[in-house]
>>> print(open('target01.txt').read())   # compact mmCIF, C-alpha atoms
# COMPACT_ATOMS: atom_id res chain seq x y z
CA MET I 1306 5.88 -5.08 -69.54
CA SER I 1307 3.17 -5.03 -66.87
CA ASP I 1308 2.77 -6.09 -63.27
CA LYS I 1309 -0.21 -8.14 -64.46
CA GLN I 1310 2.10 -10.40 -66.41
CA PRO I 1311 3.26 -13.68 -64.84
CA TYR I 1312 6.83 -12.47 -64.46
CA ALA I 1313 5.79 -9.55 -62.21
CA ALA I 1314 7.99 -9.09 -59.14
CA SER I 1315 5.15 -9.88 -56.79
CA LEU I 1316 4.89 -13.34 -58.34
CA SER I 1317 8.44 -14.17 -59.37
CA GLY I 1318 10.35 -12.70 -56.43
CA PHE I 1319 12.94 -11.13 -58.75
CA LYS I 1320 14.27 -7.73 -57.70
CA MET I 1321 16.76 -5.31 -59.16
CA ARG I 1322 20.17 -5.34 -57.53
CA SER I 1323 20.66 -2.51 -55.04
CA SER I 1324 23.72 -0.26 -55.15
CA ARG I 1325 26.63 -1.05 -52.85
CA VAL I 1326 27.99 2.48 -53.27
CA LEU I 1327 24.69 4.09 -52.26
CA ARG I 1328 24.35 1.68 -49.36
CA LYS I 1329 27.81 2.69 -48.10
CA ILE I 1330 27.13 6.42 -48.52
CA ARG I 1331 23.72 6.19 -46.84
CA GLU I 1332 25.54 4.69 -43.85
CA GLY I 1333 27.73 7.81 -43.69
CA LYS I 1334 30.83 6.08 -45.06
CA VAL I 1335 33.15 6.83 -47.99
CA ALA I 1336 32.73 4.64 -51.08
CA ARG I 1337 35.91 3.11 -52.55
CA VAL I 1338 36.50 2.95 -56.30
CA LEU I 1339 39.22 1.67 -58.65
CA LYS I 1340 39.43 2.45 -62.35
CA LEU I 1341 39.87 -0.07 -65.16
CA ASN I 1342 41.49 0.97 -68.43
CA THR I 1343 41.79 -2.62 -69.63
CA ASN I 1344 38.77 -4.35 -71.13
CA ASP I 1345 39.21 -7.80 -69.64
CA ALA I 1346 36.52 -9.19 -67.33
CA LYS I 1347 39.26 -11.00 -65.39
CA ALA I 1348 40.75 -7.65 -64.38
CA ALA I 1349 37.32 -6.57 -63.18
CA GLU I 1350 36.99 -9.76 -61.14
CA ILE I 1351 40.47 -9.34 -59.63
CA PHE I 1352 39.56 -5.84 -58.49
CA ALA I 1353 36.09 -6.82 -57.28
CA ALA I 1354 37.52 -9.62 -55.13
CA SER I 1355 39.28 -6.92 -53.08
CA GLN I 1356 35.82 -5.84 -51.93
CA LEU I 1357 35.93 -2.29 -53.18
CA ASP I 1358 32.55 -0.64 -53.67
CA ALA I 1359 32.72 0.00 -57.43
CA ILE I 1360 34.87 -0.44 -60.47
CA TRP I 1361 35.00 2.43 -62.93
CA VAL I 1362 35.12 1.58 -66.63
CA CYS I 1363 35.22 4.05 -69.48
CA GLN I 1364 33.86 4.69 -72.94
CA GLU I 1365 35.23 8.22 -73.22
CA HIS I 1366 38.96 7.50 -73.37
CA VAL I 1367 39.04 3.69 -73.53
CA SER I 1368 38.14 1.30 -76.35
CA GLY I 1369 35.70 -0.86 -74.40
CA SER I 1370 32.61 -1.95 -76.29
CA PHE I 1371 29.17 -2.45 -74.77
CA GLU I 1372 29.82 -6.18 -74.89
CA THR I 1373 33.15 -6.06 -73.02
CA ILE I 1374 31.70 -3.69 -70.45
CA GLU I 1375 28.72 -6.01 -69.94
CA HIS I 1376 31.17 -8.83 -69.10
CA GLN I 1377 32.97 -6.56 -66.62
CA ILE I 1378 29.67 -5.60 -64.98
CA ARG I 1379 28.80 -9.28 -64.64
CA ALA I 1380 32.21 -10.08 -63.10
CA ALA I 1381 31.84 -7.28 -60.55
CA LYS I 1382 28.38 -8.44 -59.54
CA LEU I 1383 29.80 -11.82 -58.52
CA TYR I 1384 31.23 -9.96 -55.52
CA ASP I 1385 28.32 -7.52 -55.04
CA VAL I 1386 30.44 -4.70 -56.48
CA ASP I 1387 28.96 -1.82 -58.46
CA THR I 1388 30.12 -0.70 -61.89
CA ILE I 1389 30.37 2.95 -62.89
CA VAL I 1390 30.50 3.50 -66.66
CA ARG I 1391 31.88 6.78 -67.95
CA VAL I 1392 29.88 7.29 -71.11
CA ALA I 1393 30.65 9.05 -74.36
CA ARG I 1394 28.73 12.28 -74.83
CA GLY I 1395 26.27 11.07 -77.43
CA SER I 1396 22.65 10.07 -77.90
CA TYR I 1397 20.35 8.78 -75.19
CA SER I 1398 21.22 5.23 -76.28
CA ASP I 1399 24.81 5.80 -75.11
CA TYR I 1400 23.37 6.42 -71.65
CA VAL I 1401 20.60 3.83 -71.54
CA ARG I 1402 22.55 0.82 -72.79
CA PRO I 1403 25.05 0.68 -69.91
CA LEU I 1404 22.19 1.02 -67.42
CA GLU I 1405 20.29 -1.80 -69.11
CA SER I 1406 23.46 -3.91 -68.93
CA ASP I 1407 23.07 -3.39 -65.16
CA ALA I 1408 25.73 -0.77 -64.59
CA THR I 1409 24.96 0.85 -61.26
CA ALA I 1410 26.03 4.33 -62.30
CA LEU I 1411 26.95 6.51 -65.23
CA MET I 1412 29.67 9.12 -65.23
CA VAL I 1413 29.03 11.95 -67.68
CA PRO I 1414 32.05 14.06 -68.68
CA HIS I 1415 32.19 17.85 -68.97
CA VAL I 1416 28.77 18.83 -67.65
CA MET I 1417 28.75 22.58 -68.12
CA ASN I 1418 25.55 24.10 -66.71
CA ALA I 1419 22.06 23.43 -65.39
CA ASP I 1420 20.57 22.94 -68.85
CA ASP I 1421 23.24 20.36 -69.62
CA ALA I 1422 22.60 18.60 -66.30
CA ARG I 1423 18.85 18.60 -66.96
CA LYS I 1424 19.33 16.91 -70.33
CA VAL I 1425 21.44 14.22 -68.67
CA ARG I 1426 18.78 13.79 -65.99
CA ASP I 1427 16.04 13.42 -68.57
CA MET I 1428 17.96 10.68 -70.41
CA THR I 1429 18.86 8.70 -67.30
CA LYS I 1430 15.86 8.93 -64.94
CA PHE I 1431 12.42 7.45 -65.49
CA ALA I 1432 9.28 9.59 -65.27
CA PRO I 1433 8.14 11.46 -63.33
CA LEU I 1434 11.71 12.60 -62.61
CA GLY I 1435 13.04 12.32 -66.17
CA LYS I 1436 12.25 10.98 -69.61
CA ARG I 1437 14.37 7.82 -69.80
CA ALA I 1438 13.33 5.34 -72.49
CA LEU I 1439 11.82 2.09 -71.20
CA ASP I 1440 12.57 -1.49 -72.19
CA GLY I 1441 12.72 -3.89 -69.24
CA GLY I 1442 13.93 -6.88 -71.21
CA ASN I 1443 17.61 -6.64 -70.32
CA ASN I 1444 20.06 -7.45 -67.53
CA ASP I 1445 18.94 -4.75 -65.11
CA ALA I 1446 15.31 -5.96 -65.04
CA GLN I 1447 16.31 -9.64 -64.94
CA PHE I 1448 15.13 -10.07 -68.54
CA THR I 1449 11.46 -9.14 -67.89
CA ARG I 1450 11.31 -10.89 -64.50
CA VAL I 1451 11.17 -7.66 -62.47
CA GLY I 1452 7.72 -6.10 -62.34
CA LEU I 1453 7.25 -2.74 -64.00
CA ALA I 1454 6.40 -0.63 -60.96
CA ASP I 1455 9.28 -2.14 -58.99
CA TYR I 1456 11.66 -1.66 -61.91
CA LEU I 1457 10.84 2.01 -62.39
CA GLU I 1458 11.01 2.86 -58.70
CA THR I 1459 14.19 0.90 -57.99
CA ALA I 1460 16.01 2.20 -61.06
CA ASN I 1461 15.43 5.79 -59.99
CA ARG I 1462 16.43 5.03 -56.38
CA GLU I 1463 19.33 2.57 -56.76
CA ARG I 1464 21.03 3.85 -59.93
CA PHE I 1465 22.90 7.14 -59.95
CA VAL I 1466 24.72 9.55 -62.24
CA LEU I 1467 28.01 11.32 -61.62
CA HIS I 1468 28.18 14.74 -63.28
CA GLN I 1469 31.81 15.56 -63.98
CA ILE I 1470 32.88 19.13 -63.24
CA GLU I 1471 36.00 19.57 -65.35
CA ASP I 1472 35.77 23.12 -66.70
CA PRO I 1473 36.00 26.58 -65.07
CA GLU I 1474 32.81 27.63 -66.91
CA ALA I 1475 30.82 25.07 -64.92
CA MET I 1476 31.64 26.68 -61.58
CA ASP I 1477 29.23 29.56 -62.16
CA HIS I 1478 26.41 26.99 -62.46
CA LEU I 1479 27.44 24.68 -59.63
CA GLU I 1480 24.65 25.59 -57.22
CA ALA I 1481 21.98 25.35 -59.92
CA MET I 1482 23.18 21.87 -60.88
CA ALA I 1483 23.52 20.63 -57.31
CA GLU I 1484 20.03 21.72 -56.25
CA MET I 1485 18.37 19.95 -59.18
CA ASP I 1486 16.36 16.78 -58.50
CA GLY I 1487 17.96 13.91 -60.40
CA VAL I 1488 21.51 15.24 -60.13
CA ASP I 1489 22.97 12.64 -57.79
CA CYS I 1490 26.66 13.46 -57.68
CA LEU I 1491 29.21 16.15 -58.52
CA PHE I 1492 32.50 14.58 -59.60
CA PHE I 1493 35.52 16.89 -59.67
CA GLY I 1494 37.90 16.09 -62.52
CA PRO I 1495 41.16 17.83 -61.50
CA GLY I 1496 43.16 16.74 -64.54
CA ASP I 1497 41.12 18.49 -67.20
CA TYR I 1498 40.43 21.37 -64.84
CA SER I 1499 44.14 21.95 -64.32
CA LEU I 1500 44.65 21.87 -68.09
CA ALA I 1501 41.93 24.47 -68.59
CA LEU I 1502 43.55 26.73 -65.98
CA GLY I 1503 46.93 26.51 -67.70
CA VAL I 1504 48.55 24.52 -64.89
CA PRO I 1505 48.39 21.00 -66.35
CA GLY I 1506 48.97 18.26 -63.82
CA GLN I 1507 49.47 20.63 -60.89
CA LEU I 1508 46.74 19.05 -58.82
CA GLN I 1509 47.84 20.79 -55.61
CA HIS I 1510 47.90 24.23 -57.20
CA PRO I 1511 46.06 26.72 -54.93
CA ASP I 1512 43.37 27.35 -57.55
CA ILE I 1513 42.74 23.61 -57.96
CA LYS I 1514 42.60 23.12 -54.20
CA ALA I 1515 40.05 25.93 -53.90
CA VAL I 1516 37.82 24.40 -56.58
CA ARG I 1517 38.15 20.95 -55.01
CA LYS I 1518 36.95 22.35 -51.69
CA ARG I 1519 34.11 24.33 -53.26
CA ILE I 1520 32.69 21.37 -55.19
CA ALA I 1521 32.59 19.21 -52.08
CA GLU I 1522 30.91 21.98 -50.09
CA VAL I 1523 28.20 22.59 -52.68
CA ALA I 1524 27.51 18.89 -53.24
CA ARG I 1525 27.11 18.09 -49.57
CA LYS I 1526 25.11 21.27 -48.92
CA HIS I 1527 22.46 19.98 -51.32
CA GLY I 1528 22.62 16.37 -50.10
CA LYS I 1529 24.48 15.10 -53.16
CA ILE I 1530 27.46 12.78 -53.46
CA ALA I 1531 30.85 14.52 -53.70
CA ALA I 1532 33.29 12.48 -55.75
CA THR I 1533 36.78 12.81 -57.18
CA VAL I 1534 40.09 11.03 -57.74
CA CYS I 1535 43.02 11.07 -55.33
CA GLY I 1536 46.20 9.27 -54.37
CA ARG I 1537 46.22 6.69 -51.63
CA ASP I 1538 48.06 9.08 -49.31
CA GLN I 1539 45.36 11.72 -49.77
CA ILE I 1540 42.26 9.70 -48.85
CA LYS I 1541 41.71 11.21 -45.39
CA ASP I 1542 42.37 14.75 -46.61
CA HIS I 1543 39.66 14.39 -49.26
CA ALA I 1544 37.24 12.72 -46.85
CA ASP I 1545 37.79 15.61 -44.43
CA LEU I 1546 36.77 18.00 -47.22
CA GLY I 1547 33.48 16.12 -47.53
CA TYR I 1548 34.16 13.77 -50.42
CA ASN I 1549 32.27 10.51 -49.92
CA LEU I 1550 33.20 8.70 -53.15
CA LEU I 1551 36.88 8.42 -54.01
CA SER I 1552 38.68 6.70 -56.87
CA VAL I 1553 42.13 5.83 -55.60
CA GLY I 1554 43.90 3.86 -58.32
CA ALA I 1555 43.86 2.22 -61.73
CA ASP I 1556 44.90 -1.07 -63.26
CA VAL I 1557 47.26 0.53 -65.80
CA VAL I 1558 49.11 2.35 -63.01
CA ALA I 1559 49.54 -0.90 -61.09
CA LEU I 1560 50.65 -2.84 -64.17
CA ALA I 1561 53.14 -0.18 -65.26
CA GLN I 1562 54.64 0.13 -61.79
CA TYR I 1563 54.88 -3.65 -61.40
CA ALA I 1564 56.54 -4.09 -64.78
CA ASP I 1565 59.00 -1.24 -64.20
CA ALA I 1566 59.89 -2.51 -60.72
CA SER I 1567 60.47 -6.02 -62.04
CA MET I 1568 62.86 -4.79 -64.74
CA GLU I 1569 64.63 -2.56 -62.23
CA ALA I 1570 65.21 -5.64 -60.06
CA PHE I 1571 66.94 -7.33 -63.01
CA ASP I 1572 69.08 -4.26 -63.65
CA LYS I 1573 70.04 -3.91 -60.01
CA GLN I 1574 70.92 -7.55 -59.43
CA LEU I 1575 72.50 -8.48 -62.76
CA GLY I 1576 73.72 -5.14 -64.02
CA THR I 1577 71.86 -5.54 -67.31
CA ALA I 1578 70.75 -1.91 -67.71
>>> encode(input="target01.txt", output="structure tokens")
Amino acid sequence: MSDKQPYAASLSGFKMRSSRVLRKIREGKVARVLKLNTNDAKAAEIFAASQLDAIWVCQEHVSGSFETIEHQIRAAKLYDVDTIVRVARGSYSDYVRPLESDATALMVPHVMNADDARKVRDMTKFAPLGKRALDGGNNDAQFTRVGLADYLETANRERFVLHQIEDPEAMDHLEAMAEMDGVDCLFFGPGDYSLALGVPGQLQHPDIKAVRKRIAEVARKHGKIAATVCGRDQIKDHADLGYNLLSVGADVVALAQYADASMEAFDKQLGTA
């Protein structure tokens, strides 16, 4: 692919899509995210129509294929909504393929130290920042319509990676990770962290609260995004700590609560329990 070819951006007018999340954060606001555990593009479209900033889909714990995730990315883009894909810890292809399907961001689980973060950076950022493999013939580059120089520059600027901090061992390396060029975001995963501390699910345990505060402080100190999950009643508390990307719900939670409440209504009104 070359800017001398007829599909170069300067001739075709095609540009990569910019990130809604990054736009919101650059304005000093908090980005809003919802998680999808289902693989249906309709669920992605239902969420995106609420004008959140990103949907979060997963290949670590969920059975979504690259094809189903590509459909969800496409549904979100109808509403100018980003897609964050939590990847499996695998080869560079596991990282590149969601980006080339036009995911706006990757979430990488259990990043442990600076060397680990550097390897992620090298697989997800183009040179000179990293060593990401180049294609240019897929969704993110408008199927060769975006010129090469524009593609490389925009991909490094408008796509981002969330490094999940989920293990106590990672805390000793937090500063080294946060100060690294190409590390865009520290994402605190309180669930796995609480499990590692021996207090599973106690997300307001004093030790968890201290780590939550520390991660936000370090991320913002180095000009990086601070991200985590929280309940809807905790949004302001987390924003006050410095978090500027918050995931505040999931489709499976909503579906389970709706189904349970509907059956409870039957039991209450007809005594069918």
>>> closest_atom_pairs(input="target01.txt", of="segment 1323-1363 of chain I", to="segment 1546-1568 of chain I", cutoff="8 Å", atoms="all atoms listed in the file", output="JSON lines")
{"residue": "I:Ile1330", "atom": "CA", "partner": "I:Asn1549", "partner_atom": "CA", "distance": 6.7}
{"residue": "I:Lys1334", "atom": "CA", "partner": "I:Asn1549", "partner_atom": "CA", "distance": 6.7}
{"residue": "I:Val1335", "atom": "CA", "partner": "I:Asn1549", "partner_atom": "CA", "distance": 4.2}
{"residue": "I:Ala1336", "atom": "CA", "partner": "I:Leu1550", "partner_atom": "CA", "distance": 4.6}
{"residue": "I:Arg1337", "atom": "CA", "partner": "I:Leu1551", "partner_atom": "CA", "distance": 5.6}
{"residue": "I:Val1338", "atom": "CA", "partner": "I:Ser1552", "partner_atom": "CA", "distance": 4.4}
{"residue": "I:Leu1339", "atom": "CA", "partner": "I:Gly1554", "partner_atom": "CA", "distance": 5.2}
{"residue": "I:Lys1340", "atom": "CA", "partner": "I:Ala1555", "partner_atom": "CA", "distance": 4.5}
{"residue": "I:Leu1341", "atom": "CA", "partner": "I:Asp1556", "partner_atom": "CA", "distance": 5.5}
{"residue": "I:Asn1342", "atom": "CA", "partner": "I:Val1557", "partner_atom": "CA", "distance": 6.4}
{"residue": "I:Thr1343", "atom": "CA", "partner": "I:Asp1556", "partner_atom": "CA", "distance": 7.3}
{"residue": "I:Ala1348", "atom": "CA", "partner": "I:Asp1556", "partner_atom": "CA", "distance": 7.9}
>>> closest_residue(input="target01.txt", among="I:His1415, I:Cys1363, I:Glu1458, I:Asp1572", to="Gly1496 of chain I", atoms="only C-alpha atoms")
I:His1415
>>> closest_residue(input="target01.txt", among="I:Ala1475, I:Ile1360, I:Leu1453, I:Val1386", to="Arg1322 of chain I", atoms="only C-alpha atoms")
I:Val1386
>>> axis_aligned_box(input="target01.txt", around="segment 1332-1341 of chain I", padding_each_side="4 Å", output="lines of an AutoDock Vina configuration file")
center_x = 32.7
center_y = 3.9
center_z = -54.4
size_x = 22.3
size_y = 15.9
size_z = 29.5
>>> atom_distance(input="target01.txt", atom1="atom CA of Arg1437 of chain I", atom2="atom CA of Ile1530 of chain I")
21.5 Å
>>> residues_around(input="target01.txt", residues="segment 1479-1494 of chain I", least_positions_apart="5", cutoff="7 Å", atoms="all atoms listed in the file", output="VMD selection string")
chain I and resid 1418 to 1419 1422 1426 1434 1465 to 1471 1517 1520 1523 to 1524 1527 1529 to 1533
>>> residues_around(input="target01.txt", residues="Asn1344 of chain I", least_positions_apart="5", cutoff="8 Å", atoms="all atoms listed in the file", output="list in words")
Ser1368, Gly1369, Thr1373, Ile1374 and Gln1377 of chain I
>>> build_atoms(input="target01.txt", residues="segment 1410-1423 of chain I", atoms="N, CA and C atoms", output="PDB file, in the coordinates of the input")
ATOM      1  N   ALA I1410      25.925   2.878 -62.168  1.00  0.00           N
ATOM      2  CA  ALA I1410      26.030   4.330 -62.300  1.00  0.00           C
ATOM      3  C   ALA I1410      26.635   4.703 -63.638  1.00  0.00           C
ATOM      4  N   LEU I1411      26.317   5.903 -64.069  1.00  0.00           N
ATOM      5  CA  LEU I1411      26.950   6.510 -65.230  1.00  0.00           C
ATOM      6  C   LEU I1411      27.766   7.704 -64.766  1.00  0.00           C
ATOM      7  N   MET I1412      28.896   7.918 -65.426  1.00  0.00           N
ATOM      8  CA  MET I1412      29.670   9.120 -65.230  1.00  0.00           C
ATOM      9  C   MET I1412      29.635   9.899 -66.547  1.00  0.00           C
ATOM     10  N   VAL I1413      29.199  11.145 -66.480  1.00  0.00           N
ATOM     11  CA  VAL I1413      29.030  11.950 -67.680  1.00  0.00           C
ATOM     12  C   VAL I1413      30.079  13.060 -67.684  1.00  0.00           C
ATOM     13  N   PRO I1414      30.963  13.078 -68.677  1.00  0.00           N
ATOM     14  CA  PRO I1414      32.050  14.060 -68.680  1.00  0.00           C
ATOM     15  C   PRO I1414      31.585  15.460 -69.073  1.00  0.00           C
ATOM     16  N   HIS I1415      32.309  16.444 -68.553  1.00  0.00           N
ATOM     17  CA  HIS I1415      32.190  17.850 -68.970  1.00  0.00           C
ATOM     18  C   HIS I1415      30.749  18.355 -68.957  1.00  0.00           C
ATOM     19  N   VAL I1416      30.094  18.217 -67.813  1.00  0.00           N
ATOM     20  CA  VAL I1416      28.770  18.830 -67.650  1.00  0.00           C
ATOM     21  C   VAL I1416      29.000  20.307 -67.342  1.00  0.00           C
ATOM     22  N   MET I1417      28.365  21.182 -68.120  1.00  0.00           N
ATOM     23  CA  MET I1417      28.750  22.580 -68.120  1.00  0.00           C
ATOM     24  C   MET I1417      27.799  23.509 -67.359  1.00  0.00           C
ATOM     25  N   ASN I1418      26.511  23.176 -67.313  1.00  0.00           N
ATOM     26  CA  ASN I1418      25.550  24.100 -66.710  1.00  0.00           C
ATOM     27  C   ASN I1418      24.272  23.346 -66.362  1.00  0.00           C
ATOM     28  N   ALA I1419      23.296  24.065 -65.837  1.00  0.00           N
ATOM     29  CA  ALA I1419      22.060  23.430 -65.390  1.00  0.00           C
ATOM     30  C   ALA I1419      21.276  22.823 -66.553  1.00  0.00           C
ATOM     31  N   ASP I1420      21.284  23.485 -67.701  1.00  0.00           N
ATOM     32  CA  ASP I1420      20.570  22.940 -68.850  1.00  0.00           C
ATOM     33  C   ASP I1420      21.198  21.623 -69.289  1.00  0.00           C
ATOM     34  N   ASP I1421      22.514  21.586 -69.286  1.00  0.00           N
ATOM     35  CA  ASP I1421      23.240  20.360 -69.620  1.00  0.00           C
ATOM     36  C   ASP I1421      22.897  19.254 -68.628  1.00  0.00           C
ATOM     37  N   ALA I1422      22.915  19.586 -67.344  1.00  0.00           N
ATOM     38  CA  ALA I1422      22.600  18.600 -66.300  1.00  0.00           C
ATOM     39  C   ALA I1422      21.166  18.107 -66.432  1.00  0.00           C
ATOM     40  N   ARG I1423      20.252  18.990 -66.803  1.00  0.00           N
ATOM     41  CA  ARG I1423      18.850  18.600 -66.960  1.00  0.00           C
ATOM     42  C   ARG I1423      18.683  17.611 -68.114  1.00  0.00           C
TER      43      ARG I1423
END
